[in-house]
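*Asks:* This is query27.pdb, which holds PDB, C-alpha atoms:
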```
MODEL        1
ATOM      1  CA  MET A  15      41.505  48.598 -44.469  1.00  0.00           C
ATOM      2  CA  PRO A  16      40.233  45.090 -43.680  1.00  0.00           C
ATOM      3  CA  VAL A  17      36.639  45.191 -42.517  1.00  0.00           C
ATOM      4  CA  GLY A  18      37.233  42.636 -39.765  1.00  0.00           C
ATOM      5  CA  ALA A  19      39.966  44.668 -38.144  1.00  0.00           C
ATOM      6  CA  LYS A  20      37.897  47.845 -38.199  1.00  0.00           C
ATOM      7  CA  LEU A  21      34.990  46.011 -36.657  1.00  0.00           C
ATOM      8  CA  HIS A  22      37.220  44.693 -33.898  1.00  0.00           C
ATOM      9  CA  LEU A  23      38.525  48.195 -33.189  1.00  0.00           C
ATOM     10  CA  VAL A  24      35.030  49.659 -33.120  1.00  0.00           C
ATOM     11  CA  ASN A  25      33.842  46.913 -30.799  1.00  0.00           C
ATOM     12  CA  ASN A  26      36.894  47.253 -28.599  1.00  0.00           C
ATOM     13  CA  SER A  27      36.351  50.987 -28.302  1.00  0.00           C
ATOM     14  CA  ALA A  28      32.745  50.413 -27.385  1.00  0.00           C
ATOM     15  CA  THR A  29      33.787  48.390 -24.355  1.00  0.00           C
ATOM     16  CA  THR A  30      36.658  50.595 -23.215  1.00  0.00           C
ATOM     17  CA  GLY A  31      35.940  52.070 -19.822  1.00  0.00           C
ATOM     18  CA  THR A  32      33.419  49.371 -19.015  1.00  0.00           C
ATOM     19  CA  VAL A  33      33.876  45.848 -17.768  1.00  0.00           C
ATOM     20  CA  PRO A  34      32.293  42.894 -19.573  1.00  0.00           C
ATOM     21  CA  ALA A  35      29.923  40.786 -17.526  1.00  0.00           C
ATOM     22  CA  THR A  36      32.577  38.080 -17.401  1.00  0.00           C
ATOM     23  CA  ALA A  37      36.269  38.936 -17.610  1.00  0.00           C
ATOM     24  CA  PRO A  38      38.535  36.517 -19.518  1.00  0.00           C
ATOM     25  CA  ALA A  39      39.716  33.519 -17.510  1.00  0.00           C
ATOM     26  CA  GLY A  40      42.608  34.434 -15.222  1.00  0.00           C
ATOM     27  CA  LEU A  41      41.953  38.168 -15.500  1.00  0.00           C
ATOM     28  CA  SER A  42      40.166  40.099 -12.775  1.00  0.00           C
ATOM     29  CA  ALA A  43      37.601  42.797 -13.576  1.00  0.00           C
ATOM     30  CA  ARG A  44      40.090  45.447 -12.392  1.00  0.00           C
ATOM     31  CA  MET A  45      42.824  44.105 -14.675  1.00  0.00           C
ATOM     32  CA  GLN A  46      40.376  43.937 -17.569  1.00  0.00           C
ATOM     33  CA  LYS A  47      39.467  47.578 -17.041  1.00  0.00           C
ATOM     34  CA  THR A  48      43.149  48.566 -16.915  1.00  0.00           C
ATOM     35  CA  ARG A  49      43.936  46.736 -20.139  1.00  0.00           C
ATOM     36  CA  LEU A  50      41.011  48.381 -21.912  1.00  0.00           C
ATOM     37  CA  SER A  51      42.087  51.800 -20.613  1.00  0.00           C
ATOM     38  CA  ILE A  52      45.619  51.294 -21.939  1.00  0.00           C
ATOM     39  CA  THR A  53      44.312  50.510 -25.408  1.00  0.00           C
ATOM     40  CA  GLN A  54      41.837  53.383 -25.474  1.00  0.00           C
ATOM     41  CA  HIS A  55      44.467  55.903 -24.401  1.00  0.00           C
ATOM     42  CA  ALA A  56      47.013  54.474 -26.862  1.00  0.00           C
ATOM     43  CA  ARG A  57      44.557  55.016 -29.705  1.00  0.00           C
ATOM     44  CA  GLU A  58      43.721  58.531 -28.596  1.00  0.00           C
ATOM     45  CA  LEU A  59      47.435  59.424 -28.488  1.00  0.00           C
ATOM     46  CA  THR A  60      47.964  57.822 -31.893  1.00  0.00           C
ATOM     47  CA  ALA A  61      45.087  59.794 -33.391  1.00  0.00           C
ATOM     48  CA  GLU A  62      46.390  63.059 -31.911  1.00  0.00           C
ATOM     49  CA  HIS A  63      50.167  62.693 -32.259  1.00  0.00           C
ATOM     50  CA  GLY A  64      50.804  59.777 -34.602  1.00  0.00           C
ATOM     51  CA  PHE A  65      52.183  56.410 -33.544  1.00  0.00           C
ATOM     52  CA  ALA A  66      55.738  57.730 -33.214  1.00  0.00           C
ATOM     53  CA  GLY A  67      54.568  60.891 -31.482  1.00  0.00           C
ATOM     54  CA  PHE A  68      54.306  59.491 -27.963  1.00  0.00           C
ATOM     55  CA  THR A  69      56.262  57.154 -25.708  1.00  0.00           C
ATOM     56  CA  VAL A  70      55.253  54.259 -23.505  1.00  0.00           C
ATOM     57  CA  ASP A  71      56.072  56.479 -20.516  1.00  0.00           C
ATOM     58  CA  GLN A  72      53.613  59.125 -21.717  1.00  0.00           C
ATOM     59  CA  LEU A  73      50.997  56.473 -22.288  1.00  0.00           C
ATOM     60  CA  CYS A  74      51.542  55.087 -18.784  1.00  0.00           C
ATOM     61  CA  ALA A  75      51.267  58.561 -17.290  1.00  0.00           C
ATOM     62  CA  GLY A  76      47.954  59.109 -19.050  1.00  0.00           C
ATOM     63  CA  VAL A  77      46.531  55.855 -17.733  1.00  0.00           C
ATOM     64  CA  GLY A  78      48.111  56.221 -14.281  1.00  0.00           C
ATOM     65  CA  ILE A  79      50.224  53.057 -14.321  1.00  0.00           C
ATOM     66  CA  SER A  80      53.926  52.192 -14.215  1.00  0.00           C
ATOM     67  CA  ARG A  81      56.041  50.894 -17.103  1.00  0.00           C
ATOM     68  CA  ARG A  82      56.234  47.557 -15.331  1.00  0.00           C
ATOM     69  CA  THR A  83      52.451  47.357 -15.201  1.00  0.00           C
ATOM     70  CA  PHE A  84      52.213  48.249 -18.886  1.00  0.00           C
ATOM     71  CA  PHE A  85      54.505  45.389 -19.896  1.00  0.00           C
ATOM     72  CA  ASN A  86      52.489  43.005 -17.768  1.00  0.00           C
ATOM     73  CA  TYR A  87      49.666  43.607 -20.269  1.00  0.00           C
ATOM     74  CA  PHE A  88      51.400  44.270 -23.588  1.00  0.00           C
ATOM     75  CA  ALA A  89      54.780  43.352 -25.059  1.00  0.00           C
ATOM     76  CA  ALA A  90      55.072  46.563 -27.078  1.00  0.00           C
ATOM     77  CA  LYS A  91      53.352  49.880 -27.772  1.00  0.00           C
ATOM     78  CA  ILE A  92      51.876  48.657 -31.050  1.00  0.00           C
ATOM     79  CA  ASP A  93      50.256  45.723 -29.245  1.00  0.00           C
ATOM     80  CA  ALA A  94      48.554  48.165 -26.885  1.00  0.00           C
ATOM     81  CA  VAL A  95      47.278  50.224 -29.809  1.00  0.00           C
ATOM     82  CA  PHE A  96      45.578  47.239 -31.438  1.00  0.00           C
ATOM     83  CA  GLY A  97      44.342  45.767 -28.181  1.00  0.00           C
ATOM     84  CA  HIS A  98      44.015  42.250 -26.876  1.00  0.00           C
ATOM     85  CA  ASP A  99      41.961  39.662 -28.747  1.00  0.00           C
ATOM     86  CA  ASP A 100      39.819  39.094 -25.651  1.00  0.00           C
ATOM     87  CA  ASP A 101      38.754  42.747 -25.570  1.00  0.00           C
ATOM     88  CA  GLY A 102      36.677  42.656 -28.743  1.00  0.00           C
ATOM     89  CA  ILE A 103      32.995  41.822 -28.755  1.00  0.00           C
ATOM     90  CA  PRO A 104      31.943  41.272 -25.111  1.00  0.00           C
ATOM     91  CA  ALA A 105      31.208  37.682 -24.137  1.00  0.00           C
ATOM     92  CA  ASP A 106      27.733  38.500 -22.841  1.00  0.00           C
ATOM     93  CA  ALA A 107      26.712  40.067 -26.155  1.00  0.00           C
ATOM     94  CA  LEU A 108      28.050  37.105 -28.103  1.00  0.00           C
ATOM     95  CA  ASP A 109      26.264  34.683 -25.801  1.00  0.00           C
ATOM     96  CA  ARG A 110      22.949  36.436 -26.450  1.00  0.00           C
ATOM     97  CA  PHE A 111      23.545  36.317 -30.190  1.00  0.00           C
ATOM     98  CA  MET A 112      24.438  32.629 -30.174  1.00  0.00           C
ATOM     99  CA  ALA A 113      21.396  31.759 -28.024  1.00  0.00           C
ATOM    100  CA  SER A 114      18.928  33.748 -30.130  1.00  0.00           C
ATOM    101  CA  ARG A 115      18.797  31.252 -33.014  1.00  0.00           C
ATOM    102  CA  PRO A 116      15.294  29.734 -33.259  1.00  0.00           C
ATOM    103  CA  ALA A 117      15.038  26.050 -32.396  1.00  0.00           C
ATOM    104  CA  GLY A 118      14.211  23.420 -35.008  1.00  0.00           C
ATOM    105  CA  ILE A 119      15.731  25.293 -37.953  1.00  0.00           C
ATOM    106  CA  GLN A 120      17.963  23.651 -40.551  1.00  0.00           C
ATOM    107  CA  GLY A 121      20.536  25.814 -42.321  1.00  0.00           C
ATOM    108  CA  ILE A 122      20.456  29.625 -42.302  1.00  0.00           C
ATOM    109  CA  SER A 123      17.898  30.814 -39.792  1.00  0.00           C
ATOM    110  CA  PRO A 124      15.248  33.374 -40.784  1.00  0.00           C
ATOM    111  CA  THR A 125      16.314  35.650 -37.914  1.00  0.00           C
ATOM    112  CA  LEU A 126      20.057  35.731 -38.664  1.00  0.00           C
ATOM    113  CA  GLN A 127      20.061  39.231 -40.126  1.00  0.00           C
ATOM    114  CA  ALA A 128      17.877  40.648 -37.346  1.00  0.00           C
ATOM    115  CA  ASP A 129      19.989  38.956 -34.669  1.00  0.00           C
ATOM    116  CA  LEU A 130      23.224  40.289 -36.155  1.00  0.00           C
ATOM    117  CA  VAL A 131      21.747  43.785 -36.408  1.00  0.00           C
ATOM    118  CA  ALA A 132      20.712  43.541 -32.747  1.00  0.00           C
ATOM    119  CA  LEU A 133      24.290  42.560 -31.842  1.00  0.00           C
ATOM    120  CA  PHE A 134      25.763  45.496 -33.768  1.00  0.00           C
ATOM    121  CA  VAL A 135      23.217  47.931 -32.302  1.00  0.00           C
ATOM    122  CA  GLU A 136      24.092  46.771 -28.788  1.00  0.00           C
ATOM    123  CA  LEU A 137      27.775  47.424 -29.469  1.00  0.00           C
ATOM    124  CA  LEU A 138      27.088  50.851 -30.946  1.00  0.00           C
ATOM    125  CA  ASN A 139      24.939  51.797 -27.959  1.00  0.00           C
ATOM    126  CA  ARG A 140      27.593  50.880 -25.380  1.00  0.00           C
ATOM    127  CA  ASP A 141      29.729  53.972 -25.785  1.00  0.00           C
ATOM    128  CA  GLU A 142      29.133  56.388 -28.654  1.00  0.00           C
ATOM    129  CA  GLN A 143      31.908  58.756 -27.592  1.00  0.00           C
ATOM    130  CA  ALA A 144      34.578  56.064 -27.582  1.00  0.00           C
ATOM    131  CA  ILE A 145      33.469  54.752 -30.948  1.00  0.00           C
ATOM    132  CA  GLY A 146      33.577  58.240 -32.427  1.00  0.00           C
ATOM    133  CA  SER A 147      37.120  58.808 -31.203  1.00  0.00           C
ATOM    134  CA  THR A 148      38.222  55.651 -33.017  1.00  0.00           C
ATOM    135  CA  GLN A 149      37.764  57.391 -36.377  1.00  0.00           C
ATOM    136  CA  GLY A 150      40.853  59.507 -35.719  1.00  0.00           C
ATOM    137  CA  PHE A 151      42.795  56.321 -35.174  1.00  0.00           C
ATOM    138  CA  PHE A 152      41.563  54.873 -38.480  1.00  0.00           C
ATOM    139  CA  ALA A 153      42.918  57.957 -40.245  1.00  0.00           C
ATOM    140  CA  ALA A 154      46.284  57.511 -38.496  1.00  0.00           C
ATOM    141  CA  VAL A 155      46.478  53.906 -39.669  1.00  0.00           C
ATOM    142  CA  HIS A 156      46.253  55.026 -43.294  1.00  0.00           C
ATOM    143  CA  ARG A 157      49.108  57.475 -42.747  1.00  0.00           C
ATOM    144  CA  GLU A 158      51.538  55.144 -40.974  1.00  0.00           C
ATOM    145  CA  PRO A 159      52.994  52.045 -42.693  1.00  0.00           C
ATOM    146  CA  GLU A 160      53.765  50.243 -39.428  1.00  0.00           C
ATOM    147  CA  LEU A 161      50.169  50.484 -38.261  1.00  0.00           C
ATOM    148  CA  LEU A 162      48.778  49.577 -41.680  1.00  0.00           C
ATOM    149  CA  GLU A 163      51.009  46.503 -41.860  1.00  0.00           C
ATOM    150  CA  ARG A 164      49.737  45.305 -38.482  1.00  0.00           C
ATOM    151  CA  MET A 165      46.149  46.011 -39.506  1.00  0.00           C
ATOM    152  CA  ILE A 166      46.547  43.950 -42.667  1.00  0.00           C
ATOM    153  CA  LYS A 167      47.835  41.072 -40.534  1.00  0.00           C
ATOM    154  CA  VAL A 168      45.268  41.065 -37.740  1.00  0.00           C
ATOM    155  CA  GLY A 169      42.269  42.013 -39.866  1.00  0.00           C
ATOM    156  CA  PRO A 170      41.756  38.699 -41.660  1.00  0.00           C
ATOM    157  CA  GLU A 171      42.491  36.733 -38.484  1.00  0.00           C
ATOM    158  CA  ARG A 172      39.862  38.513 -36.405  1.00  0.00           C
ATOM    159  CA  GLN A 173      37.380  38.529 -39.270  1.00  0.00           C
ATOM    160  CA  ALA A 174      37.809  34.763 -39.634  1.00  0.00           C
ATOM    161  CA  GLU A 175      37.132  34.174 -35.926  1.00  0.00           C
ATOM    162  CA  PHE A 176      33.942  36.238 -36.098  1.00  0.00           C
ATOM    163  CA  MET A 177      32.779  34.367 -39.200  1.00  0.00           C
ATOM    164  CA  LYS A 178      33.440  31.016 -37.512  1.00  0.00           C
ATOM    165  CA  LEU A 179      31.144  31.943 -34.639  1.00  0.00           C
ATOM    166  CA  ILE A 180      28.316  32.944 -36.958  1.00  0.00           C
ATOM    167  CA  ALA A 181      28.772  29.823 -39.094  1.00  0.00           C
ATOM    168  CA  GLN A 182      28.771  27.677 -35.951  1.00  0.00           C
ATOM    169  CA  ARG A 183      25.444  29.192 -34.916  1.00  0.00           C
ATOM    170  CA  GLU A 184      23.969  28.592 -38.365  1.00  0.00           C
ATOM    171  CA  GLY A 185      25.436  25.134 -38.935  1.00  0.00           C
ATOM    172  CA  VAL A 186      27.117  26.071 -42.221  1.00  0.00           C
ATOM    173  CA  GLU A 187      30.671  26.595 -43.468  1.00  0.00           C
ATOM    174  CA  ALA A 188      32.308  29.913 -42.602  1.00  0.00           C
ATOM    175  CA  SER A 189      32.977  30.376 -46.333  1.00  0.00           C
ATOM    176  CA  HIS A 190      29.235  30.369 -47.141  1.00  0.00           C
ATOM    177  CA  PRO A 191      28.988  33.196 -49.750  1.00  0.00           C
ATOM    178  CA  GLY A 192      25.652  34.496 -48.496  1.00  0.00           C
ATOM    179  CA  LEU A 193      26.967  34.615 -44.937  1.00  0.00           C
ATOM    180  CA  GLU A 194      30.061  36.548 -45.985  1.00  0.00           C
ATOM    181  CA  LEU A 195      28.000  39.010 -48.026  1.00  0.00           C
ATOM    182  CA  LEU A 196      25.604  39.653 -45.156  1.00  0.00           C
ATOM    183  CA  VAL A 197      28.332  40.201 -42.555  1.00  0.00           C
ATOM    184  CA  HIS A 198      30.419  42.459 -44.781  1.00  0.00           C
ATOM    185  CA  SER A 199      27.328  44.528 -45.629  1.00  0.00           C
ATOM    186  CA  LEU A 200      26.378  44.962 -41.977  1.00  0.00           C
ATOM    187  CA  GLN A 201      29.946  45.849 -41.048  1.00  0.00           C
ATOM    188  CA  PHE A 202      30.276  48.373 -43.863  1.00  0.00           C
ATOM    189  CA  ALA A 203      27.028  49.970 -42.708  1.00  0.00           C
ATOM    190  CA  THR A 204      28.624  50.373 -39.273  1.00  0.00           C
ATOM    191  CA  PHE A 205      31.470  52.471 -40.624  1.00  0.00           C
ATOM    192  CA  LYS A 206      29.170  54.545 -42.810  1.00  0.00           C
ATOM    193  CA  ALA A 207      26.942  55.170 -39.794  1.00  0.00           C
ATOM    194  CA  VAL A 208      29.909  56.361 -37.724  1.00  0.00           C
ATOM    195  CA  ASP A 209      30.931  58.755 -40.516  1.00  0.00           C
ATOM    196  CA  ARG A 210      27.382  60.120 -40.797  1.00  0.00           C
ATOM    197  CA  TYR A 211      26.998  60.382 -37.020  1.00  0.00           C
ATOM    198  CA  LEU A 212      30.184  62.424 -36.626  1.00  0.00           C
ATOM    199  CA  ALA A 213      29.372  64.720 -39.547  1.00  0.00           C
ATOM    200  CA  SER A 214      25.720  65.306 -38.687  1.00  0.00           C
ATOM    201  CA  ASP A 215      24.030  67.860 -36.428  1.00  0.00           C
ATOM    202  CA  SER A 216      21.098  65.496 -36.052  1.00  0.00           C
ATOM    203  CA  GLU A 217      20.026  64.305 -32.613  1.00  0.00           C
ATOM    204  CA  ARG A 218      19.888  60.727 -33.856  1.00  0.00           C
ATOM    205  CA  SER A 219      21.973  58.261 -31.880  1.00  0.00           C
ATOM    206  CA  LEU A 220      24.731  56.260 -33.537  1.00  0.00           C
ATOM    207  CA  ALA A 221      22.531  53.150 -33.435  1.00  0.00           C
ATOM    208  CA  GLU A 222      19.669  55.073 -35.073  1.00  0.00           C
ATOM    209  CA  GLU A 223      22.065  56.272 -37.764  1.00  0.00           C
ATOM    210  CA  TYR A 224      23.124  52.675 -38.320  1.00  0.00           C
ATOM    211  CA  LEU A 225      19.542  51.510 -38.772  1.00  0.00           C
ATOM    212  CA  ALA A 226      18.926  54.393 -41.185  1.00  0.00           C
ATOM    213  CA  VAL A 227      21.898  53.313 -43.327  1.00  0.00           C
ATOM    214  CA  LEU A 228      20.661  49.723 -43.363  1.00  0.00           C
ATOM    215  CA  THR A 229      17.181  50.864 -44.363  1.00  0.00           C
ATOM    216  CA  MET A 230      18.605  52.735 -47.350  1.00  0.00           C
ATOM    217  CA  GLY A 231      20.557  49.631 -48.323  1.00  0.00           C
ATOM    218  CA  ARG A 232      17.475  47.436 -48.123  1.00  0.00           C
ATOM    219  CA  GLU A 233      15.703  49.692 -50.615  1.00  0.00           C
ATOM    220  CA  ILE A 234      18.278  48.585 -53.173  1.00  0.00           C
ATOM    221  CA  TYR A 235      18.790  44.974 -52.066  1.00  0.00           C
ATOM    222  CA  SER A 236      15.049  44.353 -52.280  1.00  0.00           C
ATOM    223  CA  GLN A 237      15.119  44.991 -56.021  1.00  0.00           C
ATOM    224  CA  PRO A 238      14.952  41.948 -58.363  1.00  0.00           C
ATOM    225  CA  LEU A 239      18.301  40.491 -59.388  1.00  0.00           C
ATOM    226  CA  THR A 240      17.288  40.353 -63.051  1.00  0.00           C
ATOM    227  CA  ARG A 241      15.015  42.428 -65.242  1.00  0.00           C
ATOM    228  CA  SER A 242      11.776  40.711 -66.233  1.00  0.00           C
TER
ENDMDL
END
```
Could I get this structure in the form of structure tokens?
*Replies:*
Amino acid sequence: MPVGAKLHLVNNSATTGTVPATAPAGLSARMQKTRLSITQHARELTAEHGFAGFTVDQLCAGVGISRRTFFNYFAAKIDAVFGHDDDGIPADALDRFMASRPAGIQGISPTLQADLVALFVELLNRDEQAIGSTQGFFAAVHREPELLERMIKVGPERQAEFMKLIAQREGVEASHPGLELLVHSLQFATFKAVDRYLASDSERSLAEEYLAVLTMGREIYSQPLTRS
């Protein structure tokens, strides 16, 4: 499954049930909350019953809206499942990340990794329960060709948008190999942390589990690239 799509789904789940500091232009806070609720419930139903195992009417009943209201937000059930592009990483979190770059630096900043980790930790802290429930949806995607096909389509697109933002902050091309390696590593650590969090009886938070995974990775990445 494309890393970018999974990251978007994790981030989207983390904001479901809450309202970003600033709703997208033309969308009220109430409408934003409704749209997020539709997506969250659609994913829960998909995880429990499969994509074909529920109807739009059942989804509407679960959210407490009419069919007409549903189609004001999404053109089809599959669109609701994958969520709106604007419901990914909250604008306030992105703004903090973009503004955290030290002044007077040329090229990759020395705080990029720490600032990205802070962004991911903020997202993981927003709603652990919602993020955990997303794992059932990931499993459903692997089982259902229609969902997997959509994931393969939206994954690279959303990954590319995220990479553009980071590259813009750093003043480099989005195809910078080091940038891509860093982001993919941090994203992969997110999914490993979710797996460990759900399988563990530990009292560690999801964010703490994430930092633990990164620490284990750093033990290896700090090794020399060649033998002396």
*Asks:* Report the distance between atom CA of A:Gly64 and atom CA of A:Glu163 in Å, rounded to one decimal place.
*Replies:*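 Atom CA of A:Glu163 lies at a distance of 15.1 Å from atom CA of A:Gly64.
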*Asks:* Near A:Ala188, within 7 Å and counting all atoms listed in the file, which residues show up once chain neighbours fewer than 6 positions away are dropped, as a list in words?
*Replies:*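 Final neighbour list, sorted by chain and number: Met177, Lys178 and Ala181 of chain A.
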*Asks:* Leaving out A:Lys91 and any residue of its chain fewer than 4 positions from it, which residues lie within 10 Å of it when counting only C-alpha atoms, given as a ChimeraX atom specification?
*Replies:* /A:52-53,56,65-66,68-70,73,84-85,95-97
*Asks:* So what do you get for atom CA of A:Val186 versus atom CA of A:Pro116, distance-wise?
*Replies:*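 A separation of 15.3 Å between them.
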*Asks:* Between A:Arg241, A:Leu228, A:Ala75, A:Ser80, which one has atoms that come closest to A:Ala128, using all atoms listed in the file?
*Replies:*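 Using all atoms listed in the file, the shortest distance to A:Ala128 belongs to A:Leu228.
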